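Here the structure is laid out as structure tokens; the discussion comes afterwards.
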Amino acid sequence: MDKNFYITTPIYYVNDRPHIGHAYTSVACDVMARFKRLSGHNVRFLTGTDEHGQKVEKSAAVAGVAPLALADANSQHFRDLTGLMNISNDDFIRTTEPRHISSAQTLWKKMQDNGHIYLGSYSGWYSVRDEAYYQESELVGGKAPTGADVEWVEEPSYFFKLSAFGDKLLELYETTTGFIGPDTRRNEIVSFVKGGLRDLSISRTTFSWGIPVPGDTKHIMYVWLDALANYLSALGYPDTDTPLYKDFWPASLHMVGKDIIRFHTVYWPAFLMAADLPLPEKIFAHGWWTIEGEKMSKSLGNAIAPKALVDEFGLDQSRWFLMREVPFGNDGNFARERVIALINSDLANNIGNLVQRTLSMIAKNCDGVLPSKGQGADESISVDLPKLTGMIEECHFDKYATEIVRYASEANEYIDKKAPWTLKKNGDVKGMGIVLYALAESIRKIAILCQAIMPDASAKILDQLAIAPEQRSFRYLNAEFALIPGVHLEPPQPVFPRFLEKAA
Ligand code: ME8
């Protein structure tokens with residue numbers, strides 16, 4: 001098994017501040033990165049900001065500041081998002097950094113030296129909001145298919161010979177299983193490419209906020225070619241002779257929203273082929289969040305700031321909601337009542353209640369000492385790690401969360417069936433101890449699994465079970481590392497309080 005794993009989020013535009021859509025992608029990548037680390041992989045996790053292009057330049061003009069000043073301020077907000085959401089990224093790249101500029105320019109030169117770039121002129125539609133070119137035939141009522149405004153552009157431009165890559169791309173989709181996920185997106189892309197590809201305009205001359213084209217500084221690079229190169233820049237490209245590059249390129253997974261799947265599964269592999277570079281293994285597109293049934297937008301002013309979510313509901317509660325609420329890949333709707341319902345049903349009443357009931361019985365009835373497990377195997381839940389791993393590899397984060405809930409329900413059913421309080425009342429202290437041991441061991445397993453989604457809360461539970469920090473990876477799920485009877489446990493602290501609406 002290849003133990004190196006390189007995962008990336010999209011790099012976010014700095015025209016605006018982060019909202020829960022951005023937090024969603026970053027949390028999903030974080031869950032994947034943490035899961036892989038817990039499984040023993042050597043993980044590299046990248047996020048960052050996309051700072052060039054007309055959209056950022058325009059937003060800066062509206063704000064009356066220089067583009068770099070806007071980029072500095074908003075990039076910091078995205079950096080703060082990683083702290084706020086407890087994202088375990090190893091690097092944060094900005095496309096205005098020298099390391100990225102030289103990398104993007106080298107990529108350009110490589111594509112040019114290989115004969116895939118030519119000078120021409122572009123005339124056609126461009127959407128600044130999408131930073132994308134559209135055919136006349138794609139427009140719907142004079143707008144981009146995304147609903148964004150378009151403007152007519154006529155200017156000298158370098159072109160990338162994308163039209164020459166159609167067959168190679170189709171072969172790639174055919175032969176590399178799982179290159180595009182989920183399948184519905186794959187099918188969309190296959191039919192898009194089968195429809196025929198046109199050469200792509202990859203430079204602009206009518207504004208200046210971008211990376212100069214090597215050898216022709218009247219042009220700046222098309223922001224998407226610039227942006228996609230970030231995944232290489234952060235590994236030190238063009239220096240390909242370093243452990244960082246060798247260990248982590250090609251990327252294992254580029255996670256993106258469905259809005260930018262075409263850039264990642266058509267343009268990006270074609271650029272890499274043109275530069276003779278290896279291709280990423282997988283691109284997965286998740287769905288789109290609406291807010292209480294409405295599209296999130298600046299004009300509606302309904303975007304939810306991740307900080308507001310975390311402040312009201314708690315960090316791990318917010319991460320849990322984002323991962324558990326929607327089948328990953330589908331669109332989802334953010335409704336406050338659903339956040340509250342999930343916090344109360346999954347976390348407070350199920351996992352939290354299991355932990356609280358068990359640990360307080362041990363504190364009260366066993367003097368805080370973990371009782372003996374009795375003869376033979378204990379009756380703790382059995383965890384199917386290969387099944388859970390399969391779910392995460394397929395990016396089914398919601399299924400993973402649901403499976404954890406199922407384990408907790410199983411343990412709660414066990415406690416009700418065995419009724420350790422009745423055993424105690426009847427004087428069967430040993431029997432009660434065996435049940436409490438099994439429950440504590442189930443909690444240990446559940447908390448180990450929860451770490452990928454809820455790192456802080458899981459750590460609190462594992463601390464309460466006196467598990468050493470270095471004994472919390474998936475390897476320790478094994479029975480040979482089960483809890484040791486006789487260990488002293490501190491009195492429990494509630495981990496998942498019920499969420500109660502404040503009286504108006
Ligand atoms: O596209 N629901 O940046 P961006 C779910 N810079 N996810 C959402 C969302 C929503 N309502 N809104 C945003 C760009 N996202 C480019 C990427 S990569 C080389 C360059 C998430 O700031 C989703 O992951 O517009 C989407 O793909 C990303 O934010 C777009 O962020």
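Just remember, in the structure tokens the first chain shown is A, the second B, etc., residues are 1-based per chain, and ligands are 1-based in the order shown.
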
Practice task
Just the alpha helix (DSSP H) stuff from segment 146-378 of chain A, please, per backbone DSSP, written as a ChimeraX atom specification.
Solution key: /A:166-175,183-194,223-228,230-233,243-248,261-262,268-274,306-313,315-324,336-342,353-365

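Proximity to Ala73 of chain A at 12 Å, evaluated using only C-alpha atoms and with sequence-adjacent residues fewer than 4 positions away removed, yields Tyr13, Val14, Asn15, Asp16, Arg17, Pro18, Thr49, Glu51, Ala60, Ala63, Val65, Ala66, Pro67, Leu68, Ala69, His77, Phe78, Arg79 and Asp80 of chain A.
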
Problem - Test item: residues no farther than 8 Å from ligand 1, counting only C-alpha atoms and all ligand atoms, as a PyMOL selection string - result: chain A and resi 9-16+18-26+49-51+130+224+227-231+255-261+264+285-290+295-296+331-332

Can you write just those residues out, C-alpha atoms, as a tab-separated table (two decimals), in the first residue's frame?
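Okay, result_34.tsv is ready:
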chain	number	residue	atom	x	y	z
A	9	THR	CA	-8.75	21.87	-0.89
A	10	PRO	CA	-9.52	24.34	-3.66
A	11	ILE	CA	-7.66	27.58	-3.05
A	12	TYR	CA	-10.30	30.13	-2.19
A	13	TYR	CA	-10.77	33.48	-3.91
A	14	VAL	CA	-9.87	36.46	-1.78
A	15	ASN	CA	-12.61	38.68	-3.19
A	16	ASP	CA	-14.71	37.82	-0.16
A	18	PRO	CA	-15.13	32.66	4.15
A	19	HIS	CA	-18.63	31.22	4.61
A	20	ILE	CA	-19.84	27.74	5.51
A	21	GLY	CA	-19.42	26.50	1.92
A	22	HIS	CA	-15.66	27.01	2.24
A	23	ALA	CA	-15.68	25.57	5.76
A	24	TYR	CA	-17.48	22.50	4.39
A	25	THR	CA	-14.80	21.66	1.84
A	26	SER	CA	-12.01	22.28	4.31
A	49	THR	CA	-5.92	31.29	-1.37
A	50	ASP	CA	-6.36	32.20	-5.05
A	51	GLU	CA	-5.43	35.85	-5.26
A	130	ASP	CA	-16.86	32.49	-12.64
A	224	TRP	CA	-7.22	29.21	-13.64
A	227	ALA	CA	-4.46	28.77	-9.64
A	228	LEU	CA	-4.28	25.09	-10.57
A	229	ALA	CA	-0.50	25.24	-10.50
A	230	ASN	CA	-0.70	25.84	-6.72
A	231	TYR	CA	-0.95	22.11	-6.10
A	255	MET	CA	-11.39	17.79	-3.27
A	256	VAL	CA	-13.54	20.43	-4.95
A	257	GLY	CA	-17.09	21.73	-5.08
A	258	LYS	CA	-19.18	20.72	-8.08
A	259	ASP	CA	-18.85	24.26	-9.50
A	260	ILE	CA	-15.22	23.75	-10.37
A	261	ILE	CA	-15.13	20.11	-11.46
A	264	HIS	CA	-10.00	20.11	-12.33
A	285	ALA	CA	-16.75	16.97	-6.29
A	286	HIS	CA	-19.12	17.57	-3.42
A	287	GLY	CA	-22.49	19.27	-3.61
A	288	TRP	CA	-23.74	22.72	-2.92
A	289	TRP	CA	-25.24	24.16	0.27
A	290	THR	CA	-28.26	26.39	0.29
A	295	LYS	CA	-28.91	30.06	-2.63
A	296	MET	CA	-26.15	31.59	-0.51
A	331	ASP	CA	-26.55	19.20	-2.44
A	332	GLY	CA	-27.62	20.10	1.05

Fill in the blank from the handout: With distances taken over only C-alpha atoms, the candidate from A:Ser473, A:Thr358, A:Ser163, A:Gln464 nearest Gln451 of chain A is A:Ser473

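Nearest to Ala466 of chain A of all the residues A:Pro214, A:Gly368, A:Gly329, A:Gly390 is A:Gly368, counting only C-alpha atoms.
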
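Note that the spacing between atom CA of Val405 of chain A and atom CA of Val355 of chain A amounts to 13.0 Å.
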
Exercise for the section: Excluding Ala28 of chain A and residues on its chain fewer than 4 positions from it, collect all residues at most 9 Å away from it, counting only C-alpha atoms, and give them as a list in words. Expected result: Ala23, Tyr24, Met32, Ala33, Met255, Arg319, Leu322, Met323, Cys395, Phe397 and Ile453 of chain A

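The two atoms in question, atom CA of Trp125 of chain A and atom CA of Leu139 of chain A, are spaced 9.0 Å apart.
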
I need the strand (DSSP E) residues of segment 17-137 of chain A per DSSP on the backbone, written as an mmCIF file with C-alpha atoms, in the first residue's frame.
data_model
loop_
_atom_site.group_PDB
_atom_site.id
_atom_site.type_symbol
_atom_site.label_atom_id
_atom_site.label_comp_id
_atom_site.auth_asym_id
_atom_site.auth_seq_id
_atom_site.Cartn_x
_atom_site.Cartn_y
_atom_site.Cartn_z
ATOM 1 C CA ASN A 42 2.165 9.962 5.772
ATOM 2 C CA VAL A 43 -0.195 12.836 4.960
ATOM 3 C CA ARG A 44 0.408 16.181 3.305
ATOM 4 C CA PHE A 45 -2.606 18.465 3.453
ATOM 5 C CA LEU A 46 -2.697 21.731 1.526
ATOM 6 C CA THR A 47 -5.092 24.647 1.487
ATOM 7 C CA GLY A 48 -4.661 28.305 0.577
ATOM 8 C CA THR A 49 -5.924 31.289 -1.374
ATOM 9 C CA ASP A 50 -6.355 32.199 -5.052
ATOM 10 C CA ASP A 91 0.800 24.222 4.419
ATOM 11 C CA PHE A 92 -1.172 27.275 3.325
ATOM 12 C CA ILE A 93 -0.304 28.629 -0.101
ATOM 13 C CA ARG A 94 -1.004 32.079 -1.517
ATOM 14 C CA ILE A 117 0.738 26.952 -26.586
ATOM 15 C CA TYR A 118 0.301 29.412 -29.475
ATOM 16 C CA LEU A 119 -0.442 33.122 -29.818
ATOM 17 C CA GLY A 120 -3.766 34.198 -31.297
ATOM 18 C CA SER A 121 -6.616 36.457 -30.367
ATOM 19 C CA TYR A 122 -9.749 35.794 -28.340
ATOM 20 C CA SER A 123 -13.127 37.216 -28.955
ATOM 21 C CA GLY A 124 -16.013 35.887 -26.959
ATOM 22 C CA TRP A 125 -17.857 35.901 -23.665
ATOM 23 C CA TYR A 126 -16.208 35.973 -20.268
ATOM 24 C CA SER A 127 -17.703 35.806 -16.808
ATOM 25 C CA ALA A 132 -14.579 31.384 -17.124
ATOM 26 C CA TYR A 133 -15.037 31.668 -20.882
ATOM 27 C CA TYR A 134 -18.405 30.741 -22.362
#

Practice task
Give me the residues within 10 Å of Asn4 of chain A as a PyMOL selection string, counting only C-alpha atoms and dropping any in the same chain fewer than 4 places off.
Solution key: chain A and resi 36-37+40-44+246-249+251-252

Selected residues, all heavy atoms, written as a compact mmCIF listing (two decimals), in the first residue's frame, please.
# COMPACT_ATOMS: atom_id res chain seq x y z
N LYS A 36 -6.68 9.38 7.43
CA LYS A 36 -5.48 8.75 6.82
C LYS A 36 -4.33 8.72 7.82
O LYS A 36 -3.60 7.74 7.89
CB LYS A 36 -5.08 9.51 5.56
CG LYS A 36 -6.04 9.30 4.40
CD LYS A 36 -5.82 7.93 3.79
CE LYS A 36 -6.84 7.61 2.72
NZ LYS A 36 -6.62 6.28 2.13
N ARG A 37 -4.15 9.80 8.58
CA ARG A 37 -3.07 9.79 9.58
C ARG A 37 -3.33 8.71 10.62
O ARG A 37 -2.43 7.97 11.00
CB ARG A 37 -2.95 11.15 10.28
CG ARG A 37 -2.31 12.19 9.42
CD ARG A 37 -1.97 13.44 10.27
NE ARG A 37 -1.98 14.60 9.40
CZ ARG A 37 -2.96 15.49 9.32
NH1 ARG A 37 -4.01 15.41 10.12
NH2 ARG A 37 -2.87 16.49 8.47
N GLY A 40 -2.26 5.43 9.64
CA GLY A 40 -0.82 5.19 9.48
C GLY A 40 -0.21 5.77 8.22
O GLY A 40 0.93 5.45 7.88
N HIS A 41 -0.95 6.63 7.50
CA HIS A 41 -0.39 7.24 6.30
C HIS A 41 0.46 8.46 6.63
O HIS A 41 0.29 9.10 7.66
CB HIS A 41 -1.51 7.68 5.34
CG HIS A 41 -2.18 6.54 4.66
ND1 HIS A 41 -3.08 5.74 5.30
CD2 HIS A 41 -2.09 6.08 3.40
CE1 HIS A 41 -3.52 4.81 4.46
NE2 HIS A 41 -2.93 4.99 3.30
N ASN A 42 1.36 8.75 5.71
CA ASN A 42 2.17 9.96 5.77
C ASN A 42 1.41 11.00 4.95
O ASN A 42 1.39 10.94 3.72
CB ASN A 42 3.54 9.64 5.17
CG ASN A 42 4.44 10.82 5.11
OD1 ASN A 42 4.33 11.73 5.94
ND2 ASN A 42 5.35 10.83 4.15
N VAL A 43 0.76 11.94 5.64
CA VAL A 43 -0.19 12.84 4.96
C VAL A 43 0.40 14.22 4.74
O VAL A 43 1.09 14.75 5.61
CB VAL A 43 -1.49 12.96 5.80
CG1 VAL A 43 -2.43 14.01 5.22
CG2 VAL A 43 -2.19 11.62 5.89
N ARG A 44 0.12 14.78 3.59
CA ARG A 44 0.41 16.18 3.30
C ARG A 44 -0.92 16.81 2.94
O ARG A 44 -1.61 16.33 2.03
CB ARG A 44 1.39 16.28 2.13
CG ARG A 44 1.89 17.67 1.88
CD ARG A 44 3.08 17.97 2.74
NE ARG A 44 3.44 19.37 2.67
CZ ARG A 44 4.21 19.97 3.56
NH1 ARG A 44 4.73 19.30 4.57
NH2 ARG A 44 4.49 21.25 3.44
N LYS A 246 8.83 14.26 -4.34
CA LYS A 246 8.84 12.83 -4.69
C LYS A 246 7.83 12.04 -3.87
O LYS A 246 7.20 11.12 -4.37
CB LYS A 246 10.23 12.25 -4.45
CG LYS A 246 11.22 12.66 -5.52
CD LYS A 246 12.49 11.85 -5.31
CE LYS A 246 13.59 12.31 -6.22
NZ LYS A 246 14.89 11.97 -5.68
N ASP A 247 7.68 12.41 -2.61
CA ASP A 247 6.73 11.68 -1.77
C ASP A 247 5.28 11.98 -2.14
O ASP A 247 4.42 11.12 -2.01
CB ASP A 247 6.91 12.04 -0.28
CG ASP A 247 8.13 11.37 0.32
OD1 ASP A 247 8.73 10.50 -0.34
OD2 ASP A 247 8.50 11.72 1.47
N PHE A 248 5.02 13.22 -2.56
CA PHE A 248 3.61 13.62 -2.62
C PHE A 248 3.04 13.93 -4.01
O PHE A 248 1.84 14.11 -4.13
CB PHE A 248 3.36 14.78 -1.65
CG PHE A 248 3.57 14.36 -0.22
CD1 PHE A 248 4.62 14.85 0.53
CD2 PHE A 248 2.70 13.45 0.37
CE1 PHE A 248 4.82 14.45 1.84
CE2 PHE A 248 2.89 13.04 1.68
CZ PHE A 248 3.95 13.53 2.43
N TRP A 249 3.87 14.04 -5.02
CA TRP A 249 3.27 14.19 -6.35
C TRP A 249 3.35 12.86 -7.06
O TRP A 249 4.40 12.24 -7.05
CB TRP A 249 3.95 15.31 -7.18
CG TRP A 249 3.07 15.60 -8.36
CD1 TRP A 249 3.23 15.15 -9.65
CD2 TRP A 249 1.84 16.32 -8.32
NE1 TRP A 249 2.18 15.56 -10.41
CE2 TRP A 249 1.30 16.27 -9.62
CE3 TRP A 249 1.12 16.97 -7.31
CZ2 TRP A 249 0.08 16.87 -9.95
CZ3 TRP A 249 -0.09 17.57 -7.65
CH2 TRP A 249 -0.58 17.53 -8.96
N ALA A 251 -0.77 14.03 -6.65
CA ALA A 251 -1.70 14.17 -5.53
C ALA A 251 -2.61 12.94 -5.46
O ALA A 251 -2.98 12.35 -6.49
CB ALA A 251 -2.55 15.42 -5.72
N SER A 252 -2.99 12.58 -4.25
CA SER A 252 -3.93 11.47 -4.06
C SER A 252 -5.37 11.94 -4.29
O SER A 252 -6.18 11.20 -4.84
CB SER A 252 -3.83 10.93 -2.63
OG SER A 252 -2.48 10.79 -2.27

Handout entry: Test item: residues at most 6 Å from Met432 of chain A, only C-alpha atoms, excluding those fewer than 2 positions along its chain, as a PyMOL selection string
Key = chain A and resi 420+423+429-430+434-435

Handout entry: Non-local contacts of Met111 of chain A (7 Å; only C-alpha atoms; under 5 positions in same chain excluded) as JSON, numbers by chain
Key = {"A": [116, 117, 274, 275]}

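Distance annotation: of A:Val266, A:Ala447, A:Leu70, A:Ala61, the residue with the minimal separation from Phe165 of chain A is A:Val266; atom set is only C-alpha atoms.
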